[in-house]
file work_37.txt (compact mmCIF, C-alpha atoms and all ligand atoms)
# COMPACT_ATOMS: atom_id res chain seq x y z
CA MET A 1146 -14.09 25.31 138.01
CA ARG A 1147 -11.01 27.14 136.74
CA THR A 1148 -9.30 28.66 139.77
CA GLY A 1149 -6.11 30.35 140.90
CA TRP A 1150 -3.18 30.60 138.53
CA ARG A 1151 -5.00 28.84 135.67
CA LYS A 1152 -7.71 31.50 135.69
CA VAL A 1153 -5.11 34.30 135.78
CA ALA A 1154 -3.07 32.68 133.00
CA HIS A 1155 -6.17 32.30 130.81
CA ARG A 1156 -7.16 35.91 131.32
CA ALA A 1157 -3.62 37.06 130.47
CA LEU A 1158 -3.74 35.01 127.24
CA GLU A 1159 -7.14 36.50 126.38
CA LEU A 1160 -6.04 40.07 127.02
CA SER A 1161 -2.76 39.66 125.10
CA GLY A 1162 -4.53 38.11 122.08
CA LEU A 1163 -2.39 34.95 122.31
CA ILE A 1164 -5.51 32.89 123.01
CA GLY A 1165 -6.41 33.11 119.29
CA PRO A 1166 -3.45 31.08 117.92
CA LEU A 1167 -3.60 28.69 120.89
CA HIS A 1168 -7.29 27.98 120.35
CA ARG A 1169 -6.74 27.46 116.59
CA ALA A 1170 -3.89 25.00 117.34
CA GLN A 1171 -6.21 23.05 119.65
CA GLU A 1172 -8.84 22.91 116.87
CA ARG A 1173 -6.24 21.58 114.39
CA ARG A 1174 -5.20 18.90 116.90
CA LEU A 1175 -8.84 17.82 117.39
CA ALA A 1176 -9.30 17.62 113.61
CA GLN A 1177 -6.56 14.98 113.42
CA ALA A 1178 -8.22 12.62 115.90
CA ASP A 1179 -9.05 9.12 114.66
CA VAL A 1180 -12.64 8.89 113.50
CA GLU A 1181 -15.04 6.15 112.52
CA ALA A 1182 -15.95 6.51 108.85
CA PHE A 1183 -19.60 7.24 108.08
CA ASP A 1184 -21.30 7.83 104.78
CA ASP A 1185 -24.77 9.36 104.77
CA GLY A 1186 -24.77 9.82 101.02
CA ARG A 1187 -23.74 13.48 101.02
CA PRO A 1188 -20.24 14.97 100.97
CA LEU A 1189 -18.85 15.52 104.45
CA PRO A 1190 -16.95 18.72 105.17
CA PRO A 1191 -13.26 18.30 106.05
CA ALA A 1192 -12.43 17.43 109.66
CA GLU A 1193 -11.07 20.90 110.37
CA LEU A 1194 -14.41 22.47 109.45
CA ARG A 1195 -16.34 19.91 111.50
CA VAL A 1196 -14.20 20.81 114.51
CA LEU A 1197 -14.94 24.50 113.95
CA VAL A 1198 -18.66 23.90 114.44
CA GLY A 1199 -18.82 20.91 116.74
CA GLY A 1200 -15.56 20.94 118.68
CA ALA A 1201 -14.88 17.38 117.43
CA ALA A 1202 -14.26 15.76 114.06
CA ASP A 1203 -16.42 12.63 114.43
CA PRO A 1204 -18.36 12.32 111.14
CA LYS A 1205 -20.91 9.97 112.68
CA TRP A 1206 -21.80 12.55 115.31
CA PHE A 1207 -21.83 15.28 112.66
CA SER A 1208 -24.26 13.38 110.49
CA HIS A 1209 -26.52 11.69 113.06
CA ARG A 1210 -26.72 14.64 115.42
CA GLY A 1211 -27.21 17.02 112.50
CA ARG A 1212 -30.13 14.97 111.23
CA ALA A 1213 -31.69 14.80 114.71
CA ASP A 1214 -31.35 18.58 115.18
CA ALA A 1215 -32.80 19.21 111.70
CA GLU A 1216 -35.76 16.94 112.44
CA ARG A 1217 -36.35 18.74 115.71
CA PHE A 1218 -36.52 22.12 113.95
CA MET A 1219 -38.74 20.75 111.18
CA ASP A 1220 -41.05 19.07 113.68
CA LEU A 1221 -41.39 22.25 115.76
CA ALA A 1222 -42.05 24.35 112.65
CA ARG A 1223 -44.74 21.88 111.54
CA ARG A 1224 -46.39 21.96 114.98
CA HIS A 1225 -46.42 25.76 114.84
CA GLY A 1226 -47.98 25.91 111.37
CA SER A 1227 -44.90 26.54 109.19
CA PRO A 1228 -43.84 23.21 107.62
CA PHE A 1229 -40.47 23.42 105.87
CA GLU A 1230 -41.88 21.65 102.80
CA SER A 1231 -44.62 24.23 102.22
CA GLY A 1232 -42.79 26.68 99.96
CA LEU A 1233 -41.38 29.01 102.62
CA SER A 1234 -38.28 31.20 102.74
CA VAL A 1235 -36.01 29.72 105.42
CA TRP A 1236 -32.82 31.19 106.92
CA ASP A 1237 -30.22 29.12 108.82
CA LEU A 1238 -28.33 31.76 110.85
CA GLY A 1239 -24.85 30.52 111.83
CA CYS A 1240 -25.14 27.58 109.43
CA GLY A 1241 -21.53 26.46 109.98
CA CYS A 1242 -20.56 23.80 107.43
CA GLY A 1243 -24.16 22.69 106.92
CA ARG A 1244 -24.51 20.13 109.71
CA ILE A 1245 -28.25 20.92 109.81
CA ALA A 1246 -28.67 22.56 106.38
CA ARG A 1247 -27.64 19.34 104.62
CA TRP A 1248 -30.96 17.89 105.88
CA THR A 1249 -33.22 20.94 105.86
CA ALA A 1250 -32.25 22.67 102.59
CA PRO A 1251 -33.39 19.79 100.31
CA VAL A 1252 -36.78 19.67 102.08
CA VAL A 1253 -37.28 23.43 101.70
CA LEU A 1254 -36.16 23.51 98.07
CA ASN A 1255 -38.15 20.41 97.05
CA GLY A 1256 -41.22 22.14 98.48
CA GLY A 1257 -40.66 25.15 96.25
CA GLY A 1258 -39.25 27.38 98.98
CA ALA A 1259 -36.02 29.39 99.20
CA PHE A 1260 -33.18 28.35 101.52
CA ARG A 1261 -30.29 30.49 102.66
CA GLY A 1262 -27.56 29.95 105.20
CA THR A 1263 -25.22 32.57 106.60
CA ASP A 1264 -22.24 32.48 108.94
CA ILE A 1265 -19.45 34.79 110.07
CA ASN A 1266 -16.82 32.30 108.93
CA PRO A 1267 -16.13 32.55 105.17
CA ARG A 1268 -14.53 29.06 105.00
CA LEU A 1269 -17.71 27.47 106.32
CA VAL A 1270 -20.11 29.22 103.94
CA GLU A 1271 -17.76 28.63 101.00
CA TRP A 1272 -17.86 24.90 101.72
CA CYS A 1273 -21.67 24.95 101.93
CA ALA A 1274 -22.00 26.95 98.71
CA ALA A 1275 -19.80 24.45 96.87
CA HIS A 1276 -21.40 21.26 98.21
CA LEU A 1277 -24.97 21.78 99.41
CA PRO A 1278 -28.20 22.96 97.80
CA GLY A 1279 -29.30 26.47 98.80
CA SER A 1280 -27.67 29.89 98.91
CA TYR A 1281 -24.85 30.59 101.39
CA ARG A 1282 -23.22 33.89 102.31
CA ARG A 1283 -21.17 35.49 105.01
CA ASN A 1284 -22.76 37.79 107.60
CA PRO A 1285 -21.05 40.16 110.05
CA LEU A 1286 -20.58 39.36 113.74
CA LYS A 1287 -23.09 42.09 114.59
CA PRO A 1288 -26.28 42.87 112.71
CA PRO A 1289 -27.65 44.01 110.36
CA SER A 1290 -27.64 41.18 107.86
CA ASP A 1291 -28.17 41.97 104.19
CA LEU A 1292 -31.70 40.53 104.28
CA ALA A 1293 -34.64 42.74 103.40
CA PRO A 1294 -37.19 43.61 106.10
CA GLU A 1295 -40.08 41.13 106.38
CA SER A 1296 -38.57 38.79 103.77
CA ILE A 1297 -38.23 35.51 105.71
CA GLU A 1298 -40.85 33.07 107.01
CA VAL A 1299 -38.72 30.76 109.17
CA ILE A 1300 -35.38 31.33 110.89
CA TYR A 1301 -33.44 28.81 112.90
CA ALA A 1302 -30.14 29.21 114.72
CA TYR A 1303 -28.53 26.24 116.46
CA SER A 1304 -25.85 27.09 119.02
CA VAL A 1305 -25.11 30.55 117.66
CA LEU A 1306 -26.31 32.88 120.42
CA THR A 1307 -24.44 30.48 122.73
CA HIS A 1308 -21.16 32.03 121.52
CA LEU A 1309 -22.11 35.70 121.80
CA ARG A 1310 -22.01 38.36 124.47
CA GLU A 1311 -25.36 39.57 125.78
CA GLY A 1312 -25.55 42.78 123.71
CA VAL A 1313 -24.81 41.00 120.42
CA ALA A 1314 -27.24 38.17 121.21
CA ARG A 1315 -29.93 40.76 121.92
CA ALA A 1316 -29.12 42.58 118.67
CA TRP A 1317 -29.48 39.35 116.63
CA LEU A 1318 -32.90 38.67 118.15
CA ALA A 1319 -33.94 42.19 117.11
CA GLU A 1320 -32.55 41.50 113.63
CA MET A 1321 -34.67 38.34 113.42
CA ALA A 1322 -37.74 40.43 114.24
CA ARG A 1323 -36.77 42.88 111.48
CA VAL A 1324 -36.40 40.31 108.69
CA LEU A 1325 -39.28 37.99 109.67
CA LYS A 1326 -42.61 38.41 107.92
CA PRO A 1327 -45.46 39.09 110.37
CA GLY A 1328 -46.48 35.69 111.74
CA GLY A 1329 -43.06 34.23 110.84
CA LEU A 1330 -41.26 31.80 113.14
CA ALA A 1331 -37.79 31.89 114.72
CA MET A 1332 -36.31 28.87 116.51
CA VAL A 1333 -33.25 29.66 118.56
CA THR A 1334 -31.22 27.44 120.86
CA PHE A 1335 -29.43 28.55 124.01
CA HIS A 1336 -27.69 27.18 127.11
CA ASP A 1337 -30.44 27.40 129.76
CA ASP A 1338 -30.66 26.55 133.47
CA ASP A 1339 -31.20 22.82 132.86
CA TYR A 1340 -28.42 22.56 130.28
CA ALA A 1341 -26.05 24.40 132.64
CA ARG A 1342 -26.94 22.07 135.51
CA ALA A 1343 -26.43 18.92 133.44
CA TRP A 1344 -23.56 19.87 131.14
CA GLY A 1345 -22.14 23.25 132.09
CA PRO A 1346 -19.18 24.20 134.22
CA PRO A 1347 -20.19 24.93 137.84
CA GLU A 1348 -19.48 28.65 137.47
CA ALA A 1349 -22.04 28.94 134.64
CA GLN A 1350 -24.75 27.51 136.84
CA ALA A 1351 -23.79 29.79 139.72
CA GLN A 1352 -23.36 32.96 137.65
CA ILE A 1353 -26.61 32.75 135.66
CA ALA A 1354 -28.50 32.43 138.93
CA LEU A 1355 -26.83 35.69 140.05
CA ASP A 1356 -26.59 37.75 136.86
CA GLY A 1357 -29.01 36.16 134.37
CA TYR A 1358 -26.31 36.00 131.64
CA PHE A 1359 -22.79 34.62 131.90
CA VAL A 1360 -19.94 34.51 129.41
CA LEU A 1361 -17.33 31.80 129.90
CA ASN A 1362 -13.94 32.59 128.29
CA ASP A 1363 -14.57 36.21 127.36
CA ALA A 1364 -12.57 36.38 124.10
CA LEU A 1365 -12.90 35.31 120.42
CA GLU A 1366 -16.60 36.17 120.27
CA GLY A 1367 -18.49 33.94 117.82
CA SER A 1368 -16.02 31.05 118.14
CA ASN A 1369 -16.44 27.90 120.20
CA TYR A 1370 -13.84 29.29 122.60
CA MET A 1371 -16.44 31.64 124.09
CA SER A 1372 -19.68 30.25 125.45
CA SER A 1373 -22.62 32.10 126.94
CA TRP A 1374 -25.21 30.90 129.37
CA THR A 1375 -28.53 32.25 130.60
CA THR A 1376 -31.72 31.19 132.33
CA ARG A 1377 -34.98 30.74 130.45
CA GLN A 1378 -36.18 33.87 132.23
CA GLY A 1379 -32.97 35.68 131.23
CA PHE A 1380 -33.51 34.62 127.61
CA ARG A 1381 -37.02 36.08 127.60
CA ALA A 1382 -35.55 39.38 128.79
CA LEU A 1383 -33.41 39.55 125.62
CA LEU A 1384 -36.39 39.47 123.29
CA PRO A 1385 -37.64 42.51 121.39
CA ALA A 1386 -41.32 43.42 121.76
CA GLN A 1387 -42.12 42.20 118.21
CA LEU A 1388 -41.29 38.58 119.10
CA GLU A 1389 -43.70 36.56 121.22
CA VAL A 1390 -42.76 33.27 122.83
CA CYS A 1391 -44.71 30.28 121.49
CA GLU A 1392 -42.83 27.84 123.69
CA ILE A 1393 -39.45 27.21 125.27
CA ARG A 1394 -38.25 23.63 125.50
CA PRO A 1395 -35.66 23.23 128.28
CA GLY A 1396 -32.21 21.83 127.63
CA GLN A 1397 -32.04 18.05 127.96
CA LEU A 1398 -30.61 16.36 131.03
CA ASP A 1399 -29.94 12.98 129.40
CA ALA A 1400 -28.13 14.27 126.28
CA PRO A 1401 -26.33 17.54 125.54
CA VAL A 1402 -29.23 19.06 123.60
CA GLN A 1403 -29.67 22.80 124.08
CA ALA A 1404 -32.86 24.60 125.11
CA ILE A 1405 -34.88 25.83 122.18
CA ALA A 1406 -37.13 28.87 122.03
CA VAL A 1407 -39.88 29.01 119.41
CA LEU A 1408 -40.74 32.65 118.72
CA ARG A 1409 -43.30 34.29 116.50
CA ARG A 1410 -43.16 37.73 114.90
CA ARG A 1411 -46.26 39.55 116.06
CA THR A 1412 -48.68 40.60 113.36
CA VAL A 1413 -49.44 43.97 114.96
C1 LIG A 1501 -21.40 25.80 117.47
S1 LIG A 1501 -21.35 26.30 115.79
C2 LIG A 1501 -22.92 25.70 115.20
C3 LIG A 1501 -23.01 25.68 113.71
C4 LIG A 1501 -24.33 25.15 113.15
N1 LIG A 1501 -25.43 25.98 113.54
C5 LIG A 1501 -24.53 23.74 113.63
O1 LIG A 1501 -25.44 23.51 114.43
O2 LIG A 1501 -23.76 22.88 113.22
C6 LIG A 1501 -21.62 28.06 115.89
C7 LIG A 1501 -21.62 28.69 114.53
O3 LIG A 1501 -22.08 30.02 114.64
C8 LIG A 1501 -21.28 30.84 113.83
N2 LIG A 1501 -21.43 32.20 114.35
C9 LIG A 1501 -20.99 32.71 115.52
N3 LIG A 1501 -21.38 33.98 115.65
C10 LIG A 1501 -22.13 34.27 114.56
C11 LIG A 1501 -22.82 35.42 114.12
N4 LIG A 1501 -22.83 36.55 114.84
N5 LIG A 1501 -23.47 35.36 112.96
C12 LIG A 1501 -23.48 34.23 112.22
N6 LIG A 1501 -22.82 33.11 112.57
C13 LIG A 1501 -22.16 33.14 113.73
C14 LIG A 1501 -19.89 30.25 113.96
O4 LIG A 1501 -19.03 30.66 112.93
C15 LIG A 1501 -20.24 28.77 113.90
O5 LIG A 1501 -20.30 28.29 112.58
call {"tool": "encode", "arguments": {"input": "work_37.txt", "output": "structure tokens"}}
result
Amino acid sequence: MRTGWRKVAHRALELSGLIGPLHRAQERRLAQADVEAFDDGRPLPPAELRVLVGGAADPKWFSHRGRADAERFMDLARRHGSPFESGLSVWDLGCGCGRIARWTAPVVLNGGGAFRGTDINPRLVEWCAAHLPGSYRRNPLKPPSDLAPESIEVIYAYSVLTHLREGVARAWLAEMARVLKPGGLAMVTFHDDDYARAWGPPEAQAQIALDGYFVLNDALEGSNYMSSWTTRQGFRALLPAQLEVCEIRPGQLDAPVQAIAVLRRRTV
């Protein structure tokens, strides 16, 4: 737990705005770390972009973990009646530099569907647009997106709400309800009770039990500097009435895999 003068110093840096350049310098340092080469047959984004999404540059992690997370989304969508290969329109919200899209977009497009990824960071979507199949654009920190109402059949967002304050997270869930076709599926990850217990800082575990939603490092919203935490019950309280919960899989205790909520847009 961050206590005493360190906590005060951090807050002063956040309030003065100096935390921005300091956090960016830390990301540049991480991008220079030695890495084991790995080739999965597709172009890898530069180390600096991998750090922006994963907090580390390791290409092996980027590729293997990305494939595992993509397979998890595709498996859940299949189980809930919306296979990625069945000609659907799919939206990767907060796509980063395509860690997951590099695996999902080809499946969607080969099946005759439409794939789009969006992110607040223009450098990340520019890299995706230049190197991956699918359509990639920037979106604002707060909704709305530029997507038409009821135009999308499947949405997924991996570790995106986990970097937003409560009001903005709630607004994005409402935006998902707006753009999903009736019966459409949204799969959204978050830091839940189990994830906090296994992998979170002690104050996250304590604060979500008290308040239901906790923001660690309350500055640079949308970046990896800020992280947000909630309970599974707290997450349900963020949902708009149009989204029903199909299932919530708790965060994993044996590996840092976030909780995932599978949500369906009600038909009436
Ligand atoms: C931890 S990274 C995960 C990226 C990607 N989903 C993945 O799993 O590799 C969080 C991503 O969410 C993006 N992001 C944060 N807030 C966002 C928002 N309001 N809308 C869209 N993207 C956002 C960040 O720019 C970053 O690329």
call {"tool": "atom_distance", "arguments": {"input": "work_37.txt", "atom1": "atom CA of A:Lys1326", "atom2": "atom CA of A:Glu1389"}}
result
13.5 Å
call {"tool": "residues_around", "arguments": {"input": "work_37.txt", "residues": "A:Leu1384", "least_positions_apart": "5", "cutoff": "12 Å", "atoms": "all atoms listed in the file", "output": "ChimeraX atom specification"}}
result
/A:1311-1312,1314-1322,1331,1333,1377-1379,1389-1390,1406-1410
call {"tool": "write_last_selection", "arguments": {"input": "work_37.txt", "atoms": "C-alpha atoms", "output": "mmCIF file, in the coordinates of the input"}}
result
data_model
loop_
_atom_site.group_PDB
_atom_site.id
_atom_site.type_symbol
_atom_site.label_atom_id
_atom_site.label_comp_id
_atom_site.auth_asym_id
_atom_site.auth_seq_id
_atom_site.Cartn_x
_atom_site.Cartn_y
_atom_site.Cartn_z
ATOM 1 C CA GLU A 1311 -25.360 39.570 125.780
ATOM 2 C CA GLY A 1312 -25.550 42.780 123.710
ATOM 3 C CA ALA A 1314 -27.240 38.170 121.210
ATOM 4 C CA ARG A 1315 -29.930 40.760 121.920
ATOM 5 C CA ALA A 1316 -29.120 42.580 118.670
ATOM 6 C CA TRP A 1317 -29.480 39.350 116.630
ATOM 7 C CA LEU A 1318 -32.900 38.670 118.150
ATOM 8 C CA ALA A 1319 -33.940 42.190 117.110
ATOM 9 C CA GLU A 1320 -32.550 41.500 113.630
ATOM 10 C CA MET A 1321 -34.670 38.340 113.420
ATOM 11 C CA ALA A 1322 -37.740 40.430 114.240
ATOM 12 C CA ALA A 1331 -37.790 31.890 114.720
ATOM 13 C CA VAL A 1333 -33.250 29.660 118.560
ATOM 14 C CA ARG A 1377 -34.980 30.740 130.450
ATOM 15 C CA GLN A 1378 -36.180 33.870 132.230
ATOM 16 C CA GLY A 1379 -32.970 35.680 131.230
ATOM 17 C CA GLU A 1389 -43.700 36.560 121.220
ATOM 18 C CA VAL A 1390 -42.760 33.270 122.830
ATOM 19 C CA ALA A 1406 -37.130 28.870 122.030
ATOM 20 C CA VAL A 1407 -39.880 29.010 119.410
ATOM 21 C CA LEU A 1408 -40.740 32.650 118.720
ATOM 22 C CA ARG A 1409 -43.300 34.290 116.500
ATOM 23 C CA ARG A 1410 -43.160 37.730 114.900
#
call {"tool": "closest_atom_pairs", "arguments": {"input": "work_37.txt", "of": "chain A", "to": "ligand LIG 1501 (chain A)", "cutoff": "6 Å", "atoms": "all atoms listed in the file", "output": "CSV"}}
result
residue,atom,partner,partner_atom,distance
A:Val1198,CA,A:LIG1501,S1,3.8
A:Gly1199,CA,A:LIG1501,C1,5.6
A:Leu1238,CA,A:LIG1501,C12,5.6
A:Gly1239,CA,A:LIG1501,N6,3.4
A:Cys1240,CA,A:LIG1501,N1,4.4
A:Gly1241,CA,A:LIG1501,O5,3.4
A:Arg1244,CA,A:LIG1501,O2,4.5
A:Ile1245,CA,A:LIG1501,O2,6.0
A:Asp1264,CA,A:LIG1501,N6,3.7
A:Ile1265,CA,A:LIG1501,N6,4.5
A:Asn1266,CA,A:LIG1501,O4,4.9
A:Asn1284,CA,A:LIG1501,C12,5.9
A:Leu1286,CA,A:LIG1501,N4,3.8
A:Lys1287,CA,A:LIG1501,N4,5.6
A:Ala1302,CA,A:LIG1501,N1,5.8
A:Tyr1303,CA,A:LIG1501,N1,4.3
A:Ser1304,CA,A:LIG1501,C1,4.9
A:Val1305,CA,A:LIG1501,O3,4.3
A:Gly1367,CA,A:LIG1501,C9,3.6
A:Ser1368,CA,A:LIG1501,C14,5.8
call {"tool": "residues_around", "arguments": {"input": "work_37.txt", "residues": "A:Arg1394", "least_positions_apart": "6", "cutoff": "12 Å", "atoms": "all atoms listed in the file", "output": "PyMOL selection string"}}
result
chain A and resi 1217-1218+1221+1332-1340+1377+1402-1408
call {"tool": "closest_residue", "arguments": {"input": "work_37.txt", "among": "A:Arg1212, A:Leu1309, A:Val1153, A:Arg1187", "to": "A:Pro1278", "atoms": "all atoms listed in the file"}}
result
A:Arg1187
call {"tool": "atom_distance", "arguments": {"input": "work_37.txt", "atom1": "atom CA of A:Val1196", "atom2": "atom CA of A:Gly1243"}}
result
12.7 Å
call {"tool": "atom_distance", "arguments": {"input": "work_37.txt", "atom1": "atom CA of A:Phe1359", "atom2": "atom CA of A:Pro1395"}}
result
17.6 Å
call {"tool": "axis_aligned_box", "arguments": {"input": "work_37.txt", "around": "stretch 1386-1394 of chain A", "padding_each_side": "3 Å", "output": "lines of an AutoDock Vina configuration file"}}
result
center_x = -41.5
center_y = 33.5
center_z = 121.9
size_x = 12.5
size_y = 25.8
size_z = 13.3
call {"tool": "residues_around", "arguments": {"input": "work_37.txt", "residues": "A:Asp1220", "least_positions_apart": "4", "cutoff": "12 Å", "atoms": "all atoms listed in the file", "output": "list in words"}}
result
Arg1212, Ala1213, Asp1214, Ala1215, Glu1216, Arg1224, His1225, Gly1226, Ser1227, Pro1228, Phe1229, Glu1230, Thr1249, Met1332 and Val1407 of chain A
call {"tool": "closest_residue", "arguments": {"input": "work_37.txt", "among": "A:Trp1248, A:Phe1380, A:Trp1236, A:Tyr1301", "to": "A:Arg1282", "atoms": "only C-alpha atoms"}}
result
A:Trp1236
call {"tool": "closest_residue", "arguments": {"input": "work_37.txt", "among": "A:Ala1343, A:Val1360, A:Ile1297, A:Leu1189", "to": "A:Ala1275", "atoms": "all atoms listed in the file"}}
result
A:Leu1189
